[in-house]
Amino acid sequence: MMTTLEKEYGDALYSLAQDENCLDEALEGLTLAVAAFRENPGYLTLIQNPALVKEERLELLGKAFAGIHPYVLNFLKLLCERSALSLTAGALEEYRILLYAQRGILPVEAVSAVPLTEEQQKALTDKLAAKTGKTILLENSIDPTLLGGVKLRYEGKELDGTAAGRLSALRRSLTQA
């Protein structure tokens, strides 16, 4: 769950990137930063250490992310100054939500017991696109505990088309009759 502060920071960066027509570049830079922080949690701890002088922390950040878009680098420096670099992942999530909404993209997670074939993914994507009127960004994750079928998650909803989900729905309908 995203915090209000993460939403505000993500929205602020998105608004700036939209105004300056660099949405994709900012997304790429922010994604790179979040991945780097996840892969190197020690670096995040170091860069937020108050024992380091602020200028040193900002310089380290500048050197580490010299190749990313200047707006994203400045955004990271601002978060660093406020000891809020831990909010970067949530800000990225909000940024993506806003970007996808603007572009009519719907991210969907399809959970299945085994990987979906290309044909299954295309059929599912086509059906969801026709239903929602959006471009579908499908991600297939595997849950070997599922007996069969597919569970879809998008826009905070979960559609359970698994065997266990169908049996549970049948059980509910029979007990309510």
# chains A, B, ... in the order shown; residues from 1 in each chain; ligands from 1
call {"tool": "residues_around", "arguments": {"residues": "Asp126 (chain A)", "least_positions_apart": "4", "cutoff": "9 Å", "atoms": "only C-alpha atoms", "output": "VMD selection string"}}
result
chain A and resid 121 to 122 130 to 131 135 to 136
call {"tool": "write_last_selection", "arguments": {"atoms": "N, CA, C and O atoms", "output": "PDB file, in the first residue's frame"}}
result
ATOM      1  N   GLN A 121      -1.657 -16.355 -23.656  1.00  0.00           N
ATOM      2  CA  GLN A 121      -1.454 -14.961 -23.256  1.00  0.00           C
ATOM      3  C   GLN A 121      -2.093 -14.002 -24.258  1.00  0.00           C
ATOM      4  O   GLN A 121      -2.721 -13.025 -23.865  1.00  0.00           O
ATOM      5  N   LYS A 122      -1.934 -14.308 -25.547  1.00  0.00           N
ATOM      6  CA  LYS A 122      -2.522 -13.436 -26.573  1.00  0.00           C
ATOM      7  C   LYS A 122      -4.043 -13.456 -26.485  1.00  0.00           C
ATOM      8  O   LYS A 122      -4.688 -12.411 -26.550  1.00  0.00           O
ATOM      9  N   ALA A 130     -10.608  -6.110 -25.339  1.00  0.00           N
ATOM     10  CA  ALA A 130     -11.963  -5.894 -25.867  1.00  0.00           C
ATOM     11  C   ALA A 130     -12.923  -5.504 -24.737  1.00  0.00           C
ATOM     12  O   ALA A 130     -13.785  -4.647 -24.921  1.00  0.00           O
ATOM     13  N   LYS A 131     -12.755  -6.124 -23.584  1.00  0.00           N
ATOM     14  CA  LYS A 131     -13.636  -5.852 -22.447  1.00  0.00           C
ATOM     15  C   LYS A 131     -13.400  -4.473 -21.840  1.00  0.00           C
ATOM     16  O   LYS A 131     -14.348  -3.781 -21.484  1.00  0.00           O
ATOM     17  N   THR A 135      -5.102  -0.971 -23.576  1.00  0.00           N
ATOM     18  CA  THR A 135      -3.977  -1.803 -23.955  1.00  0.00           C
ATOM     19  C   THR A 135      -3.566  -2.596 -22.725  1.00  0.00           C
ATOM     20  O   THR A 135      -3.347  -2.026 -21.657  1.00  0.00           O
ATOM     21  N   ILE A 136      -3.468  -3.890 -22.862  1.00  0.00           N
ATOM     22  CA  ILE A 136      -3.191  -4.763 -21.725  1.00  0.00           C
ATOM     23  C   ILE A 136      -1.695  -5.044 -21.621  1.00  0.00           C
ATOM     24  O   ILE A 136      -1.050  -5.411 -22.598  1.00  0.00           O
TER      25      ILE A 136
END
call {"tool": "residues_around", "arguments": {"residues": "region 29-45 of chain A", "least_positions_apart": "6", "cutoff": "10 Å", "atoms": "only C-alpha atoms", "output": "list of chain:residue names"}}
result
A:Gly10, A:Leu13, A:Leu60, A:Leu61, A:Ala64, A:Phe65, A:Gly67, A:Ile68, A:His69, A:Pro70, A:Tyr71, A:Val72, A:Leu73, A:Phe75, A:Leu76, A:Cys80, A:Leu85, A:Ser86, A:Leu87, A:Thr88, A:Ala89, A:Gly90, A:Ala91, A:Leu92, A:Glu93, A:Tyr95, A:Arg96
call {"tool": "write_last_selection", "arguments": {"atoms": "C-alpha atoms", "output": "tab-separated table (two decimals), in the first residue's frame"}}
result
chain	number	residue	atom	x	y	z
A	10	GLY	CA	5.29	10.36	-7.66
A	13	LEU	CA	7.70	14.02	-10.69
A	60	LEU	CA	27.68	10.28	-3.98
A	61	LEU	CA	24.16	10.21	-5.37
A	64	ALA	CA	26.06	6.88	-8.82
A	65	PHE	CA	23.26	8.14	-11.05
A	67	GLY	CA	23.59	8.87	-16.50
A	68	ILE	CA	19.93	9.25	-15.60
A	69	HIS	CA	17.64	12.11	-16.58
A	70	PRO	CA	18.52	15.31	-14.70
A	71	TYR	CA	14.97	15.68	-13.33
A	72	VAL	CA	15.14	12.23	-11.79
A	73	LEU	CA	18.59	12.91	-10.34
A	75	PHE	CA	14.28	14.28	-7.52
A	76	LEU	CA	16.54	11.71	-5.83
A	80	CYS	CA	17.95	12.39	0.01
A	85	LEU	CA	14.87	7.93	-0.35
A	86	SER	CA	12.95	4.96	1.02
A	87	LEU	CA	9.88	6.48	-0.67
A	88	THR	CA	11.37	6.07	-4.16
A	89	ALA	CA	9.70	2.72	-4.93
A	90	GLY	CA	6.26	4.05	-3.95
A	91	ALA	CA	6.84	7.21	-5.98
A	92	LEU	CA	7.69	5.00	-8.98
A	93	GLU	CA	4.49	3.02	-8.46
A	95	TYR	CA	4.29	7.56	-11.49
A	96	ARG	CA	3.50	4.35	-13.41
call {"tool": "closest_residue", "arguments": {"among": "A:Leu116, A:Leu152, A:Leu106, A:Leu5", "to": "Thr132 (chain A)", "atoms": "only C-alpha atoms"}}
result
A:Leu106
call {"tool": "select_by_dssp", "arguments": {"residues": "chain A", "states": "strand (DSSP E or B)", "output": "list in words"}}
result
Ile105, Leu106, Pro107, Val108, Glu109, Ala110, Val111, Ser112, Thr135, Ile136, Leu137, Leu138, Glu139, Asn140, Ser141, Ile142, Val150, Lys151, Leu152, Arg153, Tyr154, Lys157, Glu158, Leu159 and Asp160 of chain A
call {"tool": "atom_distance", "arguments": {"atom1": "CA of Tyr9 (chain A)", "atom2": "CA of Glu109 (chain A)"}}
result
25.4 Å
call {"tool": "residues_around", "arguments": {"residues": "Leu137 (chain A)", "least_positions_apart": "2", "cutoff": "12 Å", "atoms": "only C-alpha atoms", "output": "PDB file with N, CA, C and O atoms, in the first residue's frame"}}
result
ATOM      1  N   TYR A 100       0.332   5.121 -17.039  1.00  0.00           N
ATOM      2  CA  TYR A 100      -0.506   4.102 -17.662  1.00  0.00           C
ATOM      3  C   TYR A 100      -1.938   4.605 -17.862  1.00  0.00           C
ATOM      4  O   TYR A 100      -2.552   4.330 -18.890  1.00  0.00           O
ATOM      5  N   ARG A 103      -2.019   6.849 -20.849  1.00  0.00           N
ATOM      6  CA  ARG A 103      -1.801   6.140 -22.106  1.00  0.00           C
ATOM      7  C   ARG A 103      -2.791   5.004 -22.348  1.00  0.00           C
ATOM      8  O   ARG A 103      -2.682   4.302 -23.342  1.00  0.00           O
ATOM      9  N   GLY A 104      -3.732   4.812 -21.442  1.00  0.00           N
ATOM     10  CA  GLY A 104      -4.734   3.761 -21.620  1.00  0.00           C
ATOM     11  C   GLY A 104      -4.165   2.363 -21.497  1.00  0.00           C
ATOM     12  O   GLY A 104      -4.612   1.443 -22.178  1.00  0.00           O
ATOM     13  N   ILE A 105      -3.190   2.209 -20.624  1.00  0.00           N
ATOM     14  CA  ILE A 105      -2.550   0.908 -20.406  1.00  0.00           C
ATOM     15  C   ILE A 105      -3.069   0.320 -19.103  1.00  0.00           C
ATOM     16  O   ILE A 105      -3.124   1.008 -18.085  1.00  0.00           O
ATOM     17  N   LEU A 106      -3.449  -0.944 -19.141  1.00  0.00           N
ATOM     18  CA  LEU A 106      -3.937  -1.628 -17.944  1.00  0.00           C
ATOM     19  C   LEU A 106      -2.996  -2.779 -17.605  1.00  0.00           C
ATOM     20  O   LEU A 106      -2.933  -3.776 -18.322  1.00  0.00           O
ATOM     21  N   PRO A 107      -2.223  -2.651 -16.509  1.00  0.00           N
ATOM     22  CA  PRO A 107      -1.395  -3.777 -16.098  1.00  0.00           C
ATOM     23  C   PRO A 107      -2.250  -4.865 -15.459  1.00  0.00           C
ATOM     24  O   PRO A 107      -3.101  -4.580 -14.624  1.00  0.00           O
ATOM     25  N   VAL A 108      -2.046  -6.102 -15.888  1.00  0.00           N
ATOM     26  CA  VAL A 108      -2.830  -7.237 -15.395  1.00  0.00           C
ATOM     27  C   VAL A 108      -1.857  -8.349 -15.001  1.00  0.00           C
ATOM     28  O   VAL A 108      -0.946  -8.680 -15.758  1.00  0.00           O
ATOM     29  N   GLU A 109      -2.083  -8.907 -13.817  1.00  0.00           N
ATOM     30  CA  GLU A 109      -1.305 -10.069 -13.393  1.00  0.00           C
ATOM     31  C   GLU A 109      -2.180 -11.302 -13.579  1.00  0.00           C
ATOM     32  O   GLU A 109      -3.294 -11.365 -13.053  1.00  0.00           O
ATOM     33  N   ALA A 110      -1.676 -12.255 -14.318  1.00  0.00           N
ATOM     34  CA  ALA A 110      -2.365 -13.533 -14.515  1.00  0.00           C
ATOM     35  C   ALA A 110      -1.593 -14.586 -13.740  1.00  0.00           C
ATOM     36  O   ALA A 110      -0.442 -14.882 -14.061  1.00  0.00           O
ATOM     37  N   GLN A 121      -1.657 -16.355 -23.656  1.00  0.00           N
ATOM     38  CA  GLN A 121      -1.454 -14.961 -23.256  1.00  0.00           C
ATOM     39  C   GLN A 121      -2.093 -14.002 -24.258  1.00  0.00           C
ATOM     40  O   GLN A 121      -2.721 -13.025 -23.865  1.00  0.00           O
ATOM     41  N   LYS A 122      -1.934 -14.308 -25.547  1.00  0.00           N
ATOM     42  CA  LYS A 122      -2.522 -13.436 -26.573  1.00  0.00           C
ATOM     43  C   LYS A 122      -4.043 -13.456 -26.485  1.00  0.00           C
ATOM     44  O   LYS A 122      -4.688 -12.411 -26.550  1.00  0.00           O
ATOM     45  N   LEU A 124      -5.914 -14.133 -23.888  1.00  0.00           N
ATOM     46  CA  LEU A 124      -6.307 -13.435 -22.660  1.00  0.00           C
ATOM     47  C   LEU A 124      -6.160 -11.919 -22.828  1.00  0.00           C
ATOM     48  O   LEU A 124      -7.060 -11.159 -22.459  1.00  0.00           O
ATOM     49  N   THR A 125      -5.065 -11.503 -23.408  1.00  0.00           N
ATOM     50  CA  THR A 125      -4.823 -10.075 -23.647  1.00  0.00           C
ATOM     51  C   THR A 125      -5.889  -9.501 -24.571  1.00  0.00           C
ATOM     52  O   THR A 125      -6.439  -8.429 -24.306  1.00  0.00           O
ATOM     53  N   ASP A 126      -6.202 -10.209 -25.652  1.00  0.00           N
ATOM     54  CA  ASP A 126      -7.211  -9.740 -26.610  1.00  0.00           C
ATOM     55  C   ASP A 126      -8.583  -9.631 -25.951  1.00  0.00           C
ATOM     56  O   ASP A 126      -9.306  -8.648 -26.159  1.00  0.00           O
ATOM     57  N   LEU A 128      -9.302  -9.265 -22.703  1.00  0.00           N
ATOM     58  CA  LEU A 128      -9.308  -8.163 -21.732  1.00  0.00           C
ATOM     59  C   LEU A 128      -9.303  -6.800 -22.420  1.00  0.00           C
ATOM     60  O   LEU A 128      -9.956  -5.865 -21.957  1.00  0.00           O
ATOM     61  N   ALA A 129      -8.568  -6.688 -23.527  1.00  0.00           N
ATOM     62  CA  ALA A 129      -8.524  -5.426 -24.270  1.00  0.00           C
ATOM     63  C   ALA A 129      -9.909  -5.097 -24.816  1.00  0.00           C
ATOM     64  O   ALA A 129     -10.357  -3.945 -24.755  1.00  0.00           O
ATOM     65  N   LYS A 134      -8.706  -0.991 -23.212  1.00  0.00           N
ATOM     66  CA  LYS A 134      -7.358  -0.516 -22.913  1.00  0.00           C
ATOM     67  C   LYS A 134      -6.314  -1.467 -23.483  1.00  0.00           C
ATOM     68  O   LYS A 134      -6.608  -2.610 -23.806  1.00  0.00           O
ATOM     69  N   THR A 135      -5.102  -0.971 -23.576  1.00  0.00           N
ATOM     70  CA  THR A 135      -3.977  -1.803 -23.955  1.00  0.00           C
ATOM     71  C   THR A 135      -3.566  -2.596 -22.725  1.00  0.00           C
ATOM     72  O   THR A 135      -3.347  -2.026 -21.657  1.00  0.00           O
ATOM     73  N   GLU A 139       1.293  -9.726 -17.179  1.00  0.00           N
ATOM     74  CA  GLU A 139       2.415 -10.383 -16.505  1.00  0.00           C
ATOM     75  C   GLU A 139       1.899 -11.703 -15.955  1.00  0.00           C
ATOM     76  O   GLU A 139       0.900 -11.727 -15.242  1.00  0.00           O
ATOM     77  N   ASN A 140       2.576 -12.779 -16.305  1.00  0.00           N
ATOM     78  CA  ASN A 140       2.166 -14.115 -15.847  1.00  0.00           C
ATOM     79  C   ASN A 140       3.063 -14.547 -14.696  1.00  0.00           C
ATOM     80  O   ASN A 140       4.269 -14.631 -14.837  1.00  0.00           O
ATOM     81  N   ARG A 153      -5.573 -10.311 -11.651  1.00  0.00           N
ATOM     82  CA  ARG A 153      -5.573  -9.169 -10.730  1.00  0.00           C
ATOM     83  C   ARG A 153      -5.307  -7.902 -11.528  1.00  0.00           C
ATOM     84  O   ARG A 153      -4.303  -7.809 -12.225  1.00  0.00           O
ATOM     85  N   TYR A 154      -6.233  -6.945 -11.425  1.00  0.00           N
ATOM     86  CA  TYR A 154      -6.031  -5.646 -12.054  1.00  0.00           C
ATOM     87  C   TYR A 154      -6.969  -4.629 -11.414  1.00  0.00           C
ATOM     88  O   TYR A 154      -8.045  -4.969 -10.938  1.00  0.00           O
TER      89      TYR A 154
END
call {"tool": "atom_distance", "arguments": {"atom1": "CA of Ala113 (chain A)", "atom2": "CA of Ser141 (chain A)"}}
result
8.5 Å
call {"tool": "atom_distance", "arguments": {"atom1": "CA of Gly156 (chain A)", "atom2": "CA of Thr3 (chain A)"}}
result
16.0 Å
call {"tool": "select_by_dssp", "arguments": {"residues": "region 67-160 of chain A", "states": "helix (DSSP H, G or I)", "output": "VMD selection string"}}
result
chain A and resid 70 to 81 85 to 103 118 to 132
call {"tool": "write_last_selection", "arguments": {"atoms": "C-alpha atoms", "output": "mmCIF file, in the first residue's frame"}}
result
data_model
loop_
_atom_site.group_PDB
_atom_site.id
_atom_site.type_symbol
_atom_site.label_atom_id
_atom_site.label_comp_id
_atom_site.auth_asym_id
_atom_site.auth_seq_id
_atom_site.Cartn_x
_atom_site.Cartn_y
_atom_site.Cartn_z
ATOM 1 C CA PRO A 70 18.521 15.309 -14.696
ATOM 2 C CA TYR A 71 14.971 15.684 -13.335
ATOM 3 C CA VAL A 72 15.143 12.228 -11.789
ATOM 4 C CA LEU A 73 18.591 12.914 -10.339
ATOM 5 C CA ASN A 74 17.325 16.148 -8.801
ATOM 6 C CA PHE A 75 14.277 14.280 -7.520
ATOM 7 C CA LEU A 76 16.540 11.712 -5.835
ATOM 8 C CA LYS A 77 18.669 14.489 -4.337
ATOM 9 C CA LEU A 78 15.549 16.153 -2.962
ATOM 10 C CA LEU A 79 14.445 12.881 -1.376
ATOM 11 C CA CYS A 80 17.950 12.394 0.013
ATOM 12 C CA GLU A 81 17.936 15.872 1.580
ATOM 13 C CA LEU A 85 14.874 7.935 -0.350
ATOM 14 C CA SER A 86 12.948 4.962 1.023
ATOM 15 C CA LEU A 87 9.875 6.475 -0.675
ATOM 16 C CA THR A 88 11.372 6.075 -4.156
ATOM 17 C CA ALA A 89 9.701 2.722 -4.925
ATOM 18 C CA GLY A 90 6.257 4.047 -3.949
ATOM 19 C CA ALA A 91 6.836 7.205 -5.983
ATOM 20 C CA LEU A 92 7.693 4.999 -8.982
ATOM 21 C CA GLU A 93 4.493 3.018 -8.464
ATOM 22 C CA GLU A 94 2.403 6.214 -8.459
ATOM 23 C CA TYR A 95 4.290 7.556 -11.493
ATOM 24 C CA ARG A 96 3.501 4.353 -13.411
ATOM 25 C CA ILE A 97 -0.170 4.471 -12.394
ATOM 26 C CA LEU A 98 -0.475 8.020 -13.740
ATOM 27 C CA LEU A 99 1.469 7.262 -16.928
ATOM 28 C CA TYR A 100 -0.506 4.102 -17.662
ATOM 29 C CA ALA A 101 -3.809 5.886 -17.026
ATOM 30 C CA GLN A 102 -2.839 8.654 -19.447
ATOM 31 C CA ARG A 103 -1.801 6.140 -22.106
ATOM 32 C CA GLU A 118 2.054 -17.390 -26.001
ATOM 33 C CA GLU A 119 -1.294 -18.293 -27.562
ATOM 34 C CA GLN A 120 -3.016 -18.296 -24.158
ATOM 35 C CA GLN A 121 -1.454 -14.961 -23.256
ATOM 36 C CA LYS A 122 -2.522 -13.436 -26.573
ATOM 37 C CA ALA A 123 -6.083 -14.751 -26.207
ATOM 38 C CA LEU A 124 -6.307 -13.435 -22.660
ATOM 39 C CA THR A 125 -4.823 -10.075 -23.647
ATOM 40 C CA ASP A 126 -7.211 -9.740 -26.610
ATOM 41 C CA LYS A 127 -10.250 -10.624 -24.491
ATOM 42 C CA LEU A 128 -9.308 -8.163 -21.732
ATOM 43 C CA ALA A 129 -8.524 -5.426 -24.270
ATOM 44 C CA ALA A 130 -11.963 -5.894 -25.867
ATOM 45 C CA LYS A 131 -13.636 -5.852 -22.447
ATOM 46 C CA THR A 132 -11.784 -2.826 -21.033
#
call {"tool": "residues_around", "arguments": {"residues": "region 143-146 of chain A", "least_positions_apart": "2", "cutoff": "9 Å", "atoms": "only C-alpha atoms", "output": "list in words"}}
result
Val111, Ser112, Ala113, Val114, Ser141, Gly148, Gly149, Val150, Thr162, Ala163 and Ala164 of chain A
call {"tool": "decode", "arguments": {"residues": "region 103-116 of chain A", "atoms": "all heavy atoms", "output": "short mmCIF file (atom, residue, chain, number, x, y, z; two decimals), in the first residue's frame"}}
result
data_model
loop_
_atom_site.label_atom_id
_atom_site.label_comp_id
_atom_site.auth_asym_id
_atom_site.auth_seq_id
_atom_site.Cartn_x
_atom_site.Cartn_y
_atom_site.Cartn_z
N ARG A 103 -2.02 6.85 -20.85
CA ARG A 103 -1.80 6.14 -22.11
C ARG A 103 -2.79 5.00 -22.35
O ARG A 103 -2.68 4.30 -23.34
CB ARG A 103 -0.37 5.60 -22.15
CG ARG A 103 0.65 6.73 -22.21
CD ARG A 103 2.04 6.23 -22.36
NE ARG A 103 2.96 7.35 -22.53
CZ ARG A 103 4.27 7.25 -22.51
NH1 ARG A 103 4.83 6.06 -22.33
NH2 ARG A 103 5.03 8.31 -22.67
N GLY A 104 -3.73 4.81 -21.44
CA GLY A 104 -4.73 3.76 -21.62
C GLY A 104 -4.16 2.36 -21.50
O GLY A 104 -4.61 1.44 -22.18
N ILE A 105 -3.19 2.21 -20.62
CA ILE A 105 -2.55 0.91 -20.41
C ILE A 105 -3.07 0.32 -19.10
O ILE A 105 -3.12 1.01 -18.08
CB ILE A 105 -1.02 1.05 -20.35
CG1 ILE A 105 -0.48 1.58 -21.69
CG2 ILE A 105 -0.36 -0.27 -19.98
CD1 ILE A 105 0.98 1.96 -21.67
N LEU A 106 -3.45 -0.94 -19.14
CA LEU A 106 -3.94 -1.63 -17.94
C LEU A 106 -3.00 -2.78 -17.61
O LEU A 106 -2.93 -3.78 -18.32
CB LEU A 106 -5.35 -2.17 -18.18
CG LEU A 106 -5.97 -2.94 -17.02
CD1 LEU A 106 -6.14 -2.06 -15.79
CD2 LEU A 106 -7.32 -3.51 -17.44
N PRO A 107 -2.22 -2.65 -16.51
CA PRO A 107 -1.39 -3.78 -16.10
C PRO A 107 -2.25 -4.86 -15.46
O PRO A 107 -3.10 -4.58 -14.62
CB PRO A 107 -0.43 -3.17 -15.08
CG PRO A 107 -0.95 -1.84 -14.72
CD PRO A 107 -2.03 -1.48 -15.68
N VAL A 108 -2.05 -6.10 -15.89
CA VAL A 108 -2.83 -7.24 -15.39
C VAL A 108 -1.86 -8.35 -15.00
O VAL A 108 -0.95 -8.68 -15.76
CB VAL A 108 -3.80 -7.77 -16.48
CG1 VAL A 108 -4.53 -9.01 -16.00
CG2 VAL A 108 -4.79 -6.68 -16.90
N GLU A 109 -2.08 -8.91 -13.82
CA GLU A 109 -1.31 -10.07 -13.39
C GLU A 109 -2.18 -11.30 -13.58
O GLU A 109 -3.29 -11.37 -13.05
CB GLU A 109 -0.88 -9.94 -11.93
CG GLU A 109 -0.06 -11.13 -11.45
CD GLU A 109 0.28 -11.10 -9.98
OE1 GLU A 109 -0.37 -10.35 -9.22
OE2 GLU A 109 1.17 -11.85 -9.58
N ALA A 110 -1.68 -12.25 -14.32
CA ALA A 110 -2.37 -13.53 -14.51
C ALA A 110 -1.59 -14.59 -13.74
O ALA A 110 -0.44 -14.88 -14.06
CB ALA A 110 -2.41 -13.89 -16.00
N VAL A 111 -2.22 -15.14 -12.71
CA VAL A 111 -1.58 -16.15 -11.88
C VAL A 111 -2.09 -17.52 -12.32
O VAL A 111 -3.30 -17.74 -12.38
CB VAL A 111 -1.90 -15.93 -10.37
CG1 VAL A 111 -1.14 -16.92 -9.51
CG2 VAL A 111 -1.58 -14.49 -9.96
N SER A 112 -1.16 -18.42 -12.62
CA SER A 112 -1.54 -19.76 -13.08
C SER A 112 -0.60 -20.79 -12.48
O SER A 112 0.48 -20.45 -11.97
CB SER A 112 -1.49 -19.82 -14.62
OG SER A 112 -0.21 -19.46 -15.09
N ALA A 113 -1.00 -22.05 -12.53
CA ALA A 113 -0.20 -23.13 -11.97
C ALA A 113 1.05 -23.39 -12.80
O ALA A 113 2.10 -23.74 -12.27
CB ALA A 113 -1.03 -24.40 -11.86
N VAL A 114 0.93 -23.21 -14.10
CA VAL A 114 2.06 -23.39 -15.03
C VAL A 114 2.11 -22.15 -15.93
O VAL A 114 1.11 -21.45 -16.09
CB VAL A 114 1.89 -24.67 -15.89
CG1 VAL A 114 1.94 -25.91 -15.02
CG2 VAL A 114 0.62 -24.63 -16.70
N PRO A 115 3.26 -21.88 -16.53
CA PRO A 115 3.34 -20.71 -17.41
C PRO A 115 2.32 -20.77 -18.55
O PRO A 115 2.11 -21.84 -19.13
CB PRO A 115 4.77 -20.76 -17.95
CG PRO A 115 5.53 -21.59 -16.98
CD PRO A 115 4.54 -22.57 -16.41
N LEU A 116 1.69 -19.65 -18.84
CA LEU A 116 0.75 -19.58 -19.96
C LEU A 116 1.55 -19.60 -21.26
O LEU A 116 2.61 -18.99 -21.36
CB LEU A 116 -0.08 -18.31 -19.88
CG LEU A 116 -0.99 -18.14 -18.67
CD1 LEU A 116 -1.66 -16.77 -18.68
CD2 LEU A 116 -2.05 -19.24 -18.62
#
